[in-house]
Amino acid sequence: MKIEEWEKHYAEAYANIRGSLKDIRGVFVAYNSNIDAIKHVSEEEVKKLVGIVGSGPIHEQVINYPREIKDPVDFMARLVISMRDGKAAEVPTYTTDLNDWLMDNLVFDHARMGGQAGIMSNLLANLGLNNIISYVPWLSREQADYFVDSPNLKYPVVEDGKLVLKRPKEAYDPDQKPKVNWIIEYSKGTRVCCAGECFEVPRDNRLIISSRPDWLRIDMDSEIYEKLPQIREGIDGAILAGYQMIREEYSNGTTYRHYVEKAVNVIKSLKACNPDMPIHVEFTSIQNRVIRKAILTDIVKKHVTSLGLDTVEVANALNVLGYEELAYSVISKDEKSVISLYEGAVRLLRELELQVVNIHSLGHFISLVSEDSPVSVEDYREALLFASLLAATQASTGSIDSINDVELGLRVPVYEKGYENLNSLATYLVRQGICTMEDFEDGCVNASGHSLVIIPTKVVKDPVGTVGIGDAISAGTFVAMLTRIMNRGINKCPE
Ligand code: GLC
């Protein structure tokens with residue numbers, strides 16, 4: 001398909017989805033929201049930090065690859081790795097020491113809503129959806145201030161045994177401390193020298209230092225949990241994120257199994273009257289392999305309908321599921337990596353028993369859709385196009401304040417290179433007899449047992465920031481897909 005035709009599909013997708021967002025009664029979103037302290041680092045600043053911490057120790061830790069940040073050396077090692085590869089990563093820290101060090105040495109530029117659930121809740125409320133019910137187990141006064149203050153964004157509380165939906169500003173716990181993450185953003189082309197080696201950053205991206213204080217629990221207040229049957233009456237789907245914060249073991253001896261079980265109970269309750277209720281889980285960078293695997297095989301598998309991830313996260317997921325070679329090949333730089341990405345997505349779809357796997361890469365989005373998906377591949381293509389518009393808008397402006405803003409995304413051109421990059425996948429699929437070149441170019445391929453939807457995305461050359469773009473893509477795909485389901489009248493609980 002020619003680029004102009006893609007542009008036409010983009011315009012249609014925008015008009016269609018925009019016109020039907022109001023058909024969705026509501027979306028439940030949980031669990032993680034936090035405050036992001038964002039710092040864009042310059043070449044000079046990185047140089048200064050390398051000088052303070054010392055090249056030698058950093059170099060040593062780069063080799064050791066710390067999966068937890070205990071001190072400034074660990075921090076610098078992960079920053080150098082992330083900048084060298086241009087790859088996003090999120091690494092936990094369990095004390096406040098690093099925060100103090102960063103405050104002394106790097107002062108942040110600005111703070112904003114962070115956390116996948118928080119970002120997605122605000123975005124969906126700003127797009128004008130009827131009802132966003134957002135739940136975070138640690139709603140502090142400071143955190144409440146970062147939620148969009150509008151009547152369609154509500155937080156559930158129980159008062160005198162009754163469920164009340166309030167604005168976050170009226171619902172926070174005054175004794176709760178805020179959770180603040182540091183986001184270190186960097187630009188393509190920045191030069192970094194450490195221990196005699198210099199490199200240029202290949203891509204705009206960021207490192208996230210996720211604070212994980214001792215009180216942090218991915219859990220639901222039992223009173224709210226009891227009221228889920230009432231909450232689900234007002235929603236047509238749920239987006240769940242933040243499971244990466246579950247710890248293997250807690251100081252009181254509880255283990256991750258307890259929280260995994262509770263997470264599954266929440267999903268079961270949400271689906272109790274409608275087993276087909278669309279439930280999306282947003283994956284992320286998860287350092288702990290035990291937790292990564294438990295999320296996939298115990299929470300996602302069998303219980304949820306869709307999973308959203310980026311390329312590196314696909315590799316990480318494959319890795320813990322026992323496909324090490326494939327995982328390695330997904331992130332390799334050779335041209336076959338996109339074929340491995342496809343093969344990896346097929347494995348995830350089958351093994352985790354999903355209806356759809358949504359993968360976002362720079363330049364193209366891919367969805368692998370199973371046979372039992374309630375909507376067609378054309379519907380999915382439309383959903384991905386809508387999501388790409390949100391991503392382009394967010395990358396251009398840093399935030400989306402209303403659905404009208406998305407027209408800005410429409411003006412961003414389709415990224416030609418993104419589609420060209422898919423050539424090796426096209427050749428492979430045609431050679432395997434899975435599809436014809438025409439099918440592939442249309443973005444919809446029906447293979448045996450599943451379908452493949454691919455779109456070239458709109459890419460902003462100099463993004464204002466990168467944090468939250470993946471969240472915009474996943475939330476956008478999910479609600480766009482929900483509008484299609486609503487359209488077909490197939491998502492109702494029995495009256
Ligand atoms: C993760 C991080 C959070 C960030 C978000 C962006 O949830 O913990 O700090 O805002 O990702 O997607």
# chains A, B, ... in the order shown; residues from 1 in each chain; ligands from 1
$ residues_around --residues "A:Met1" --least-positions-apart "3" --cutoff "12 Å" --atoms "only C-alpha atoms" --output "PyMOL selection string"
chain A and resi 4-9+416+419-420+437-444+454-456
$ closest_atom_pairs --of "stretch 136-245 of chain A" --to "stretch 394-409 of chain A" --cutoff "12 Å" --atoms "only C-alpha atoms" --output "tab-separated table"
residue	atom	partner	partner_atom	distance
A:Val148	CA	A:Asp401	CA	9.5
A:Asp149	CA	A:Asp401	CA	11.9
A:Ser150	CA	A:Asp401	CA	11.6
A:Asp204	CA	A:Ala395	CA	11.2
A:Asn205	CA	A:Ala395	CA	11.8
$ write_last_selection --atoms "N, CA and C atoms" --output "PDB file, in the first residue's frame"
ATOM      1  N   VAL A 148      -5.827  13.998  36.531  1.00  0.00           N
ATOM      2  CA  VAL A 148      -6.693  14.964  35.861  1.00  0.00           C
ATOM      3  C   VAL A 148      -7.903  15.180  36.756  1.00  0.00           C
ATOM      4  N   ASP A 149      -8.209  16.443  36.997  1.00  0.00           N
ATOM      5  CA  ASP A 149      -9.332  16.734  37.881  1.00  0.00           C
ATOM      6  C   ASP A 149     -10.564  17.001  37.010  1.00  0.00           C
ATOM      7  N   SER A 150     -11.224  15.923  36.635  1.00  0.00           N
ATOM      8  CA  SER A 150     -12.424  16.114  35.818  1.00  0.00           C
ATOM      9  C   SER A 150     -13.444  15.048  36.204  1.00  0.00           C
ATOM     10  N   ASP A 204      16.776   8.263  20.955  1.00  0.00           N
ATOM     11  CA  ASP A 204      16.176   8.935  22.118  1.00  0.00           C
ATOM     12  C   ASP A 204      15.557   7.874  23.011  1.00  0.00           C
ATOM     13  N   ASN A 205      15.850   7.891  24.263  1.00  0.00           N
ATOM     14  CA  ASN A 205      15.205   6.939  25.175  1.00  0.00           C
ATOM     15  C   ASN A 205      15.430   7.349  26.622  1.00  0.00           C
TER      16      ASN A 205
END
$ residues_near_ligand --ligand "ligand 1" --cutoff "10 Å" --atoms "only C-alpha atoms and all ligand atoms" --output "PyMOL selection string"
chain A and resi 31-38+88-92+112-120+179-183+206-212+241-245+282-285+466-472
$ write_last_selection --atoms "N, CA and C atoms" --output "compact mmCIF listing (two decimals), in the first residue's frame"
# COMPACT_ATOMS: atom_id res chain seq x y z
N TYR A 31 -2.66 -0.64 38.49
CA TYR A 31 -2.53 -0.30 39.87
C TYR A 31 -1.56 0.86 40.09
N ASN A 32 -0.60 0.99 39.15
CA ASN A 32 0.53 1.86 39.48
C ASN A 32 0.43 3.30 38.98
N SER A 33 0.49 4.19 39.93
CA SER A 33 0.73 5.57 39.54
C SER A 33 1.76 6.10 40.51
N ASN A 34 2.57 7.01 40.03
CA ASN A 34 3.61 7.61 40.88
C ASN A 34 3.93 8.98 40.32
N ILE A 35 4.83 9.67 40.96
CA ILE A 35 5.25 10.97 40.43
C ILE A 35 6.57 10.74 39.71
N ASP A 36 6.66 11.18 38.48
CA ASP A 36 7.91 11.06 37.74
C ASP A 36 8.69 12.36 37.84
N ALA A 37 9.91 12.27 38.37
CA ALA A 37 10.81 13.43 38.37
C ALA A 37 11.68 13.26 37.12
N ILE A 38 11.45 14.13 36.15
CA ILE A 38 12.09 13.94 34.85
C ILE A 38 13.31 14.84 34.67
N ALA A 88 15.37 1.51 26.51
CA ALA A 88 14.70 1.89 27.75
C ALA A 88 14.89 0.79 28.79
N ALA A 89 15.00 1.18 30.05
CA ALA A 89 15.04 0.18 31.11
C ALA A 89 14.47 0.80 32.37
N GLU A 90 13.97 -0.06 33.25
CA GLU A 90 13.48 0.40 34.54
C GLU A 90 14.16 -0.46 35.60
N VAL A 91 14.86 0.19 36.51
CA VAL A 91 15.61 -0.56 37.51
C VAL A 91 15.16 -0.11 38.90
N PRO A 92 14.86 -1.06 39.81
CA PRO A 92 14.38 -0.65 41.13
C PRO A 92 15.47 -0.19 42.08
N ARG A 112 5.82 15.08 36.71
CA ARG A 112 4.50 14.87 36.11
C ARG A 112 3.94 13.51 36.53
N MET A 113 2.71 13.24 36.09
CA MET A 113 2.11 11.94 36.42
C MET A 113 2.96 10.83 35.84
N GLY A 114 3.24 9.83 36.65
CA GLY A 114 4.00 8.69 36.17
C GLY A 114 3.29 7.40 36.51
N GLY A 115 3.85 6.31 36.05
CA GLY A 115 3.24 5.00 36.29
C GLY A 115 2.26 4.69 35.19
N GLN A 116 2.31 3.46 34.72
CA GLN A 116 1.47 3.13 33.55
C GLN A 116 -0.01 3.40 33.79
N ALA A 117 -0.51 2.96 34.96
CA ALA A 117 -1.95 3.11 35.22
C ALA A 117 -2.32 4.59 35.37
N GLY A 118 -1.45 5.35 36.02
CA GLY A 118 -1.72 6.78 36.20
C GLY A 118 -1.73 7.50 34.86
N ILE A 119 -0.72 7.22 34.04
CA ILE A 119 -0.62 7.88 32.73
C ILE A 119 -1.82 7.52 31.85
N MET A 120 -2.16 6.23 31.86
CA MET A 120 -3.28 5.80 31.00
C MET A 120 -4.61 6.38 31.49
N LYS A 179 5.17 8.11 46.04
CA LYS A 179 6.23 7.31 45.40
C LYS A 179 6.76 8.15 44.25
N VAL A 180 8.06 8.43 44.28
CA VAL A 180 8.66 9.28 43.24
C VAL A 180 9.72 8.48 42.48
N ASN A 181 9.56 8.41 41.16
CA ASN A 181 10.56 7.75 40.32
C ASN A 181 11.39 8.80 39.59
N TRP A 182 12.64 8.47 39.32
CA TRP A 182 13.47 9.35 38.51
C TRP A 182 13.51 8.83 37.07
N ILE A 183 13.30 9.75 36.14
CA ILE A 183 13.35 9.37 34.72
C ILE A 183 14.51 10.14 34.12
N ARG A 206 15.20 6.43 27.56
CA ARG A 206 15.35 6.84 28.97
C ARG A 206 15.62 5.65 29.89
N LEU A 207 16.17 5.99 31.04
CA LEU A 207 16.36 5.02 32.11
C LEU A 207 15.44 5.44 33.25
N ILE A 208 14.73 4.49 33.81
CA ILE A 208 13.84 4.82 34.93
C ILE A 208 14.40 4.19 36.21
N ILE A 209 14.53 5.00 37.22
CA ILE A 209 14.91 4.48 38.53
C ILE A 209 13.62 4.43 39.34
N SER A 210 13.15 3.23 39.56
CA SER A 210 11.85 3.07 40.19
C SER A 210 12.01 2.89 41.70
N SER A 211 11.44 3.82 42.45
CA SER A 211 11.60 3.70 43.90
C SER A 211 10.61 2.66 44.41
N ARG A 212 11.10 1.77 45.22
CA ARG A 212 10.25 0.69 45.74
C ARG A 212 10.33 0.67 47.26
N ALA A 241 -1.82 -2.79 35.26
CA ALA A 241 -0.37 -2.62 35.11
C ALA A 241 0.24 -2.41 36.48
N GLY A 242 1.54 -2.65 36.56
CA GLY A 242 2.26 -2.38 37.81
C GLY A 242 2.70 -3.64 38.53
N TYR A 243 2.35 -4.80 37.97
CA TYR A 243 2.71 -6.06 38.64
C TYR A 243 4.22 -6.21 38.84
N GLN A 244 5.01 -5.46 38.05
CA GLN A 244 6.47 -5.56 38.17
C GLN A 244 6.95 -5.18 39.56
N MET A 245 6.07 -4.54 40.34
CA MET A 245 6.50 -4.11 41.68
C MET A 245 6.37 -5.20 42.73
N GLU A 282 -0.42 -4.47 30.73
CA GLU A 282 0.70 -3.77 30.12
C GLU A 282 1.98 -4.32 30.74
N PHE A 283 2.83 -4.87 29.89
CA PHE A 283 4.08 -5.44 30.38
C PHE A 283 5.10 -4.31 30.51
N THR A 284 6.23 -4.59 31.06
CA THR A 284 7.27 -3.56 31.13
C THR A 284 8.61 -4.24 31.36
N SER A 285 9.61 -3.43 31.66
CA SER A 285 10.92 -3.98 31.95
C SER A 285 10.89 -4.53 33.39
N THR A 466 9.94 10.74 25.85
CA THR A 466 9.58 9.38 25.44
C THR A 466 8.74 8.67 26.50
N VAL A 467 8.74 9.19 27.71
CA VAL A 467 8.01 8.51 28.79
C VAL A 467 6.51 8.55 28.52
N GLY A 468 5.89 7.40 28.65
CA GLY A 468 4.44 7.36 28.53
C GLY A 468 3.96 7.14 27.11
N ILE A 469 4.85 7.10 26.15
CA ILE A 469 4.39 6.90 24.77
C ILE A 469 3.86 5.47 24.61
N GLY A 470 4.58 4.52 25.19
CA GLY A 470 4.11 3.12 25.14
C GLY A 470 2.74 3.00 25.80
N ASP A 471 2.54 3.73 26.88
CA ASP A 471 1.26 3.68 27.58
C ASP A 471 0.14 4.25 26.70
N ALA A 472 0.48 5.35 25.99
CA ALA A 472 -0.52 5.95 25.10
C ALA A 472 -0.89 4.96 24.00
$ closest_residue --among "A:Asn152, A:Thr457, A:Thr477, A:Ser329" --to "A:Gly234" --atoms "only C-alpha atoms"
A:Asn152
$ select_by_dssp --residues "stretch 242-462 of chain A" --states "strand (DSSP E)" --output "PDB file with N, CA, C and O atoms, in the first residue's frame"
ATOM      1  N   ILE A 279      -9.601  -7.640  29.065  1.00  0.00           N
ATOM      2  CA  ILE A 279      -8.678  -7.258  30.131  1.00  0.00           C
ATOM      3  C   ILE A 279      -7.289  -7.150  29.517  1.00  0.00           C
ATOM      4  O   ILE A 279      -6.764  -8.119  28.965  1.00  0.00           O
ATOM      5  N   HIS A 280      -6.721  -5.969  29.621  1.00  0.00           N
ATOM      6  CA  HIS A 280      -5.392  -5.756  29.047  1.00  0.00           C
ATOM      7  C   HIS A 280      -4.345  -5.671  30.156  1.00  0.00           C
ATOM      8  O   HIS A 280      -4.551  -4.992  31.158  1.00  0.00           O
ATOM      9  N   VAL A 281      -3.232  -6.349  29.967  1.00  0.00           N
ATOM     10  CA  VAL A 281      -2.108  -6.172  30.893  1.00  0.00           C
ATOM     11  C   VAL A 281      -0.974  -5.510  30.129  1.00  0.00           C
ATOM     12  O   VAL A 281      -0.631  -5.911  29.015  1.00  0.00           O
ATOM     13  N   GLU A 282      -0.421  -4.465  30.731  1.00  0.00           N
ATOM     14  CA  GLU A 282       0.705  -3.774  30.120  1.00  0.00           C
ATOM     15  C   GLU A 282       1.984  -4.320  30.744  1.00  0.00           C
ATOM     16  O   GLU A 282       2.170  -4.255  31.956  1.00  0.00           O
ATOM     17  N   SER A 306      -5.485  -9.353  26.407  1.00  0.00           N
ATOM     18  CA  SER A 306      -4.415  -8.771  25.588  1.00  0.00           C
ATOM     19  C   SER A 306      -3.206  -8.372  26.422  1.00  0.00           C
ATOM     20  O   SER A 306      -3.322  -8.053  27.607  1.00  0.00           O
ATOM     21  N   LEU A 307      -2.057  -8.399  25.748  1.00  0.00           N
ATOM     22  CA  LEU A 307      -0.799  -8.049  26.407  1.00  0.00           C
ATOM     23  C   LEU A 307      -0.088  -7.040  25.514  1.00  0.00           C
ATOM     24  O   LEU A 307      -0.002  -7.229  24.298  1.00  0.00           O
ATOM     25  N   GLY A 308       0.417  -5.958  26.136  1.00  0.00           N
ATOM     26  CA  GLY A 308       1.124  -4.940  25.353  1.00  0.00           C
ATOM     27  C   GLY A 308       2.590  -4.911  25.742  1.00  0.00           C
ATOM     28  O   GLY A 308       2.913  -4.932  26.935  1.00  0.00           O
ATOM     29  N   LEU A 309       3.472  -4.897  24.744  1.00  0.00           N
ATOM     30  CA  LEU A 309       4.915  -4.848  25.037  1.00  0.00           C
ATOM     31  C   LEU A 309       5.706  -4.202  23.912  1.00  0.00           C
ATOM     32  O   LEU A 309       5.215  -4.101  22.789  1.00  0.00           O
ATOM     33  N   ASP A 310       6.940  -3.786  24.217  1.00  0.00           N
ATOM     34  CA  ASP A 310       7.816  -3.321  23.149  1.00  0.00           C
ATOM     35  C   ASP A 310       8.787  -4.449  22.808  1.00  0.00           C
ATOM     36  O   ASP A 310       8.733  -5.538  23.399  1.00  0.00           O
ATOM     37  N   VAL A 356      -4.912 -11.429  21.912  1.00  0.00           N
ATOM     38  CA  VAL A 356      -4.055 -10.576  21.081  1.00  0.00           C
ATOM     39  C   VAL A 356      -2.777 -10.155  21.811  1.00  0.00           C
ATOM     40  O   VAL A 356      -2.790  -9.935  23.019  1.00  0.00           O
ATOM     41  N   VAL A 357      -1.697 -10.109  21.038  1.00  0.00           N
ATOM     42  CA  VAL A 357      -0.428  -9.589  21.548  1.00  0.00           C
ATOM     43  C   VAL A 357      -0.129  -8.319  20.750  1.00  0.00           C
ATOM     44  O   VAL A 357      -0.089  -8.359  19.522  1.00  0.00           O
ATOM     45  N   ASN A 358       0.027  -7.202  21.448  1.00  0.00           N
ATOM     46  CA  ASN A 358       0.308  -5.936  20.757  1.00  0.00           C
ATOM     47  C   ASN A 358       1.758  -5.527  20.988  1.00  0.00           C
ATOM     48  O   ASN A 358       2.164  -5.313  22.128  1.00  0.00           O
ATOM     49  N   ILE A 359       2.496  -5.403  19.885  1.00  0.00           N
ATOM     50  CA  ILE A 359       3.909  -5.038  20.029  1.00  0.00           C
ATOM     51  C   ILE A 359       4.165  -3.686  19.373  1.00  0.00           C
ATOM     52  O   ILE A 359       3.802  -3.475  18.215  1.00  0.00           O
ATOM     53  N   HIS A 360       4.760  -2.780  20.149  1.00  0.00           N
ATOM     54  CA  HIS A 360       5.097  -1.496  19.539  1.00  0.00           C
ATOM     55  C   HIS A 360       6.596  -1.349  19.387  1.00  0.00           C
ATOM     56  O   HIS A 360       7.356  -1.543  20.326  1.00  0.00           O
ATOM     57  N   SER A 361       6.999  -1.070  18.149  1.00  0.00           N
ATOM     58  CA  SER A 361       8.415  -0.853  17.853  1.00  0.00           C
ATOM     59  C   SER A 361       8.509   0.503  17.172  1.00  0.00           C
ATOM     60  O   SER A 361       7.509   1.017  16.668  1.00  0.00           O
ATOM     61  N   HIS A 364       6.893   0.735  13.459  1.00  0.00           N
ATOM     62  CA  HIS A 364       5.761  -0.130  13.131  1.00  0.00           C
ATOM     63  C   HIS A 364       5.164  -0.768  14.373  1.00  0.00           C
ATOM     64  O   HIS A 364       5.857  -0.973  15.363  1.00  0.00           O
ATOM     65  N   PHE A 365       3.863  -1.027  14.302  1.00  0.00           N
ATOM     66  CA  PHE A 365       3.190  -1.782  15.369  1.00  0.00           C
ATOM     67  C   PHE A 365       2.722  -3.097  14.758  1.00  0.00           C
ATOM     68  O   PHE A 365       2.308  -3.147  13.609  1.00  0.00           O
ATOM     69  N   ILE A 366       2.788  -4.136  15.581  1.00  0.00           N
ATOM     70  CA  ILE A 366       2.344  -5.456  15.135  1.00  0.00           C
ATOM     71  C   ILE A 366       1.351  -6.004  16.146  1.00  0.00           C
ATOM     72  O   ILE A 366       1.607  -5.945  17.349  1.00  0.00           O
ATOM     73  N   SER A 367       0.251  -6.530  15.655  1.00  0.00           N
ATOM     74  CA  SER A 367      -0.635  -7.269  16.558  1.00  0.00           C
ATOM     75  C   SER A 367      -0.788  -8.678  16.034  1.00  0.00           C
ATOM     76  O   SER A 367      -1.007  -8.884  14.843  1.00  0.00           O
ATOM     77  N   LEU A 368      -0.667  -9.616  16.923  1.00  0.00           N
ATOM     78  CA  LEU A 368      -0.932 -11.005  16.568  1.00  0.00           C
ATOM     79  C   LEU A 368      -2.286 -11.315  17.179  1.00  0.00           C
ATOM     80  O   LEU A 368      -2.465 -11.155  18.382  1.00  0.00           O
ATOM     81  N   VAL A 369      -3.230 -11.727  16.364  1.00  0.00           N
ATOM     82  CA  VAL A 369      -4.605 -11.872  16.833  1.00  0.00           C
ATOM     83  C   VAL A 369      -5.023 -13.336  16.718  1.00  0.00           C
ATOM     84  O   VAL A 369      -4.844 -13.947  15.665  1.00  0.00           O
ATOM     85  N   SER A 370      -5.583 -13.884  17.782  1.00  0.00           N
ATOM     86  CA  SER A 370      -5.954 -15.299  17.742  1.00  0.00           C
ATOM     87  C   SER A 370      -7.306 -15.470  17.056  1.00  0.00           C
ATOM     88  O   SER A 370      -8.047 -14.514  16.857  1.00  0.00           O
ATOM     89  N   CYS A 444      -2.887  -6.699   6.818  1.00  0.00           N
ATOM     90  CA  CYS A 444      -3.671  -7.757   7.470  1.00  0.00           C
ATOM     91  C   CYS A 444      -3.373  -9.102   6.834  1.00  0.00           C
ATOM     92  O   CYS A 444      -3.584  -9.282   5.641  1.00  0.00           O
ATOM     93  N   VAL A 445      -2.885 -10.006   7.624  1.00  0.00           N
ATOM     94  CA  VAL A 445      -2.529 -11.322   7.107  1.00  0.00           C
ATOM     95  C   VAL A 445      -3.248 -12.391   7.919  1.00  0.00           C
ATOM     96  O   VAL A 445      -3.153 -12.402   9.143  1.00  0.00           O
ATOM     97  N   ASN A 446      -3.975 -13.265   7.240  1.00  0.00           N
ATOM     98  CA  ASN A 446      -4.618 -14.369   7.966  1.00  0.00           C
ATOM     99  C   ASN A 446      -3.767 -15.618   7.858  1.00  0.00           C
ATOM    100  O   ASN A 446      -3.697 -16.229   6.802  1.00  0.00           O
ATOM    101  N   ALA A 447      -3.090 -15.971   8.920  1.00  0.00           N
ATOM    102  CA  ALA A 447      -2.271 -17.183   8.904  1.00  0.00           C
ATOM    103  C   ALA A 447      -3.081 -18.284   9.597  1.00  0.00           C
ATOM    104  O   ALA A 447      -4.194 -18.033  10.054  1.00  0.00           O
ATOM    105  N   HIS A 450      -4.001 -17.870  13.593  1.00  0.00           N
ATOM    106  CA  HIS A 450      -3.926 -16.496  14.066  1.00  0.00           C
ATOM    107  C   HIS A 450      -3.842 -15.537  12.877  1.00  0.00           C
ATOM    108  O   HIS A 450      -3.620 -15.982  11.756  1.00  0.00           O
ATOM    109  N   SER A 451      -4.017 -14.268  13.147  1.00  0.00           N
ATOM    110  CA  SER A 451      -3.829 -13.267  12.093  1.00  0.00           C
ATOM    111  C   SER A 451      -2.765 -12.283  12.547  1.00  0.00           C
ATOM    112  O   SER A 451      -2.500 -12.148  13.741  1.00  0.00           O
ATOM    113  N   LEU A 452      -2.233 -11.607  11.558  1.00  0.00           N
ATOM    114  CA  LEU A 452      -1.170 -10.653  11.833  1.00  0.00           C
ATOM    115  C   LEU A 452      -1.604  -9.295  11.297  1.00  0.00           C
ATOM    116  O   LEU A 452      -2.084  -9.202  10.170  1.00  0.00           O
ATOM    117  N   VAL A 453      -1.496  -8.280  12.109  1.00  0.00           N
ATOM    118  CA  VAL A 453      -1.849  -6.930  11.663  1.00  0.00           C
ATOM    119  C   VAL A 453      -0.607  -6.063  11.834  1.00  0.00           C
ATOM    120  O   VAL A 453       0.008  -6.074  12.904  1.00  0.00           O
ATOM    121  N   ILE A 454      -0.255  -5.360  10.767  1.00  0.00           N
ATOM    122  CA  ILE A 454       0.954  -4.526  10.836  1.00  0.00           C
ATOM    123  C   ILE A 454       0.654  -3.150  10.277  1.00  0.00           C
ATOM    124  O   ILE A 454       0.022  -3.039   9.237  1.00  0.00           O
ATOM    125  N   ILE A 455       1.103  -2.141  10.980  1.00  0.00           N
ATOM    126  CA  ILE A 455       0.957  -0.804  10.388  1.00  0.00           C
ATOM    127  C   ILE A 455       2.282  -0.037  10.485  1.00  0.00           C
ATOM    128  O   ILE A 455       3.035  -0.211  11.434  1.00  0.00           O
ATOM    129  N   PRO A 456       2.538   0.793   9.490  1.00  0.00           N
ATOM    130  CA  PRO A 456       3.682   1.697   9.619  1.00  0.00           C
ATOM    131  C   PRO A 456       3.215   2.871  10.485  1.00  0.00           C
ATOM    132  O   PRO A 456       2.097   3.346  10.320  1.00  0.00           O
TER     133      PRO A 456
END
$ atom_distance --atom1 "atom CA of A:Lys461" --atom2 "atom CA of A:Val314"
24.7 Å
$ closest_residue --among "A:Leu296, A:Met481, A:Ala475, A:Ile132" --to "A:Glu382" --atoms "only C-alpha atoms"
A:Met481
$ residues_around --residues "A:Glu351" --least-positions-apart "2" --cutoff "9 Å" --atoms "only C-alpha atoms" --output "short mmCIF file (atom, residue, chain, number, x, y, z; two decimals) with all heavy atoms, in the first residue's frame"
data_model
loop_
_atom_site.label_atom_id
_atom_site.label_comp_id
_atom_site.auth_asym_id
_atom_site.auth_seq_id
_atom_site.Cartn_x
_atom_site.Cartn_y
_atom_site.Cartn_z
N THR A 297 3.05 -16.35 33.48
CA THR A 297 2.40 -17.67 33.50
C THR A 297 1.28 -17.79 34.53
O THR A 297 0.39 -18.62 34.38
CB THR A 297 3.43 -18.79 33.74
OG1 THR A 297 4.12 -18.50 34.96
CG2 THR A 297 4.44 -18.88 32.63
N LYS A 301 -1.50 -15.55 31.73
CA LYS A 301 -1.99 -16.77 31.07
C LYS A 301 -3.39 -17.14 31.54
O LYS A 301 -3.65 -17.19 32.74
CB LYS A 301 -1.02 -17.91 31.36
CG LYS A 301 -1.39 -19.19 30.64
CD LYS A 301 -0.31 -20.21 30.79
CE LYS A 301 -0.73 -21.49 30.11
NZ LYS A 301 0.37 -22.44 30.05
N LEU A 321 10.36 -17.65 29.37
CA LEU A 321 9.48 -18.76 28.99
C LEU A 321 10.28 -19.90 28.35
O LEU A 321 9.72 -20.87 27.87
CB LEU A 321 8.40 -18.26 28.03
CG LEU A 321 7.39 -17.28 28.63
CD1 LEU A 321 6.42 -16.78 27.57
CD2 LEU A 321 6.62 -17.90 29.80
N VAL A 346 4.06 -15.13 18.10
CA VAL A 346 3.21 -16.33 17.93
C VAL A 346 3.32 -17.20 19.19
O VAL A 346 2.32 -17.68 19.72
CB VAL A 346 3.64 -17.15 16.68
CG1 VAL A 346 2.84 -18.45 16.59
CG2 VAL A 346 3.45 -16.32 15.41
N ARG A 347 4.55 -17.35 19.68
CA ARG A 347 4.74 -18.16 20.90
C ARG A 347 3.98 -17.55 22.07
O ARG A 347 3.31 -18.26 22.83
CB ARG A 347 6.22 -18.22 21.28
CG ARG A 347 7.09 -18.79 20.22
CD ARG A 347 7.44 -20.26 20.51
NE ARG A 347 7.62 -20.98 19.26
CZ ARG A 347 8.70 -20.88 18.49
NH1 ARG A 347 9.68 -20.10 18.84
NH2 ARG A 347 8.79 -21.55 17.36
N LEU A 348 4.10 -16.23 22.23
CA LEU A 348 3.43 -15.57 23.37
C LEU A 348 1.92 -15.75 23.26
O LEU A 348 1.24 -16.06 24.24
CB LEU A 348 3.77 -14.08 23.42
CG LEU A 348 5.22 -13.70 23.71
CD1 LEU A 348 5.38 -12.18 23.76
CD2 LEU A 348 5.69 -14.29 25.05
N LEU A 349 1.41 -15.55 22.06
CA LEU A 349 -0.04 -15.66 21.86
C LEU A 349 -0.54 -17.05 22.27
O LEU A 349 -1.51 -17.19 22.99
CB LEU A 349 -0.36 -15.41 20.38
CG LEU A 349 -1.84 -15.38 20.02
CD1 LEU A 349 -2.42 -14.02 20.39
CD2 LEU A 349 -2.07 -15.62 18.53
N GLU A 353 -2.13 -18.07 25.97
CA GLU A 353 -3.56 -18.20 25.65
C GLU A 353 -4.25 -16.84 25.57
O GLU A 353 -5.28 -16.61 26.21
CB GLU A 353 -4.25 -19.12 26.67
CG GLU A 353 -3.65 -20.51 26.66
CD GLU A 353 -4.21 -21.42 27.74
OE1 GLU A 353 -5.40 -21.32 28.04
OE2 GLU A 353 -3.44 -22.24 28.27
N LEU A 354 -3.66 -15.97 24.80
CA LEU A 354 -4.19 -14.60 24.67
C LEU A 354 -5.07 -14.47 23.43
O LEU A 354 -4.98 -15.28 22.50
CB LEU A 354 -3.02 -13.62 24.54
CG LEU A 354 -2.17 -13.47 25.80
CD1 LEU A 354 -0.77 -12.98 25.45
CD2 LEU A 354 -2.85 -12.50 26.76
#
$ atom_distance --atom1 "atom CA of A:Ile133" --atom2 "atom CA of A:Val260"
21.8 Å
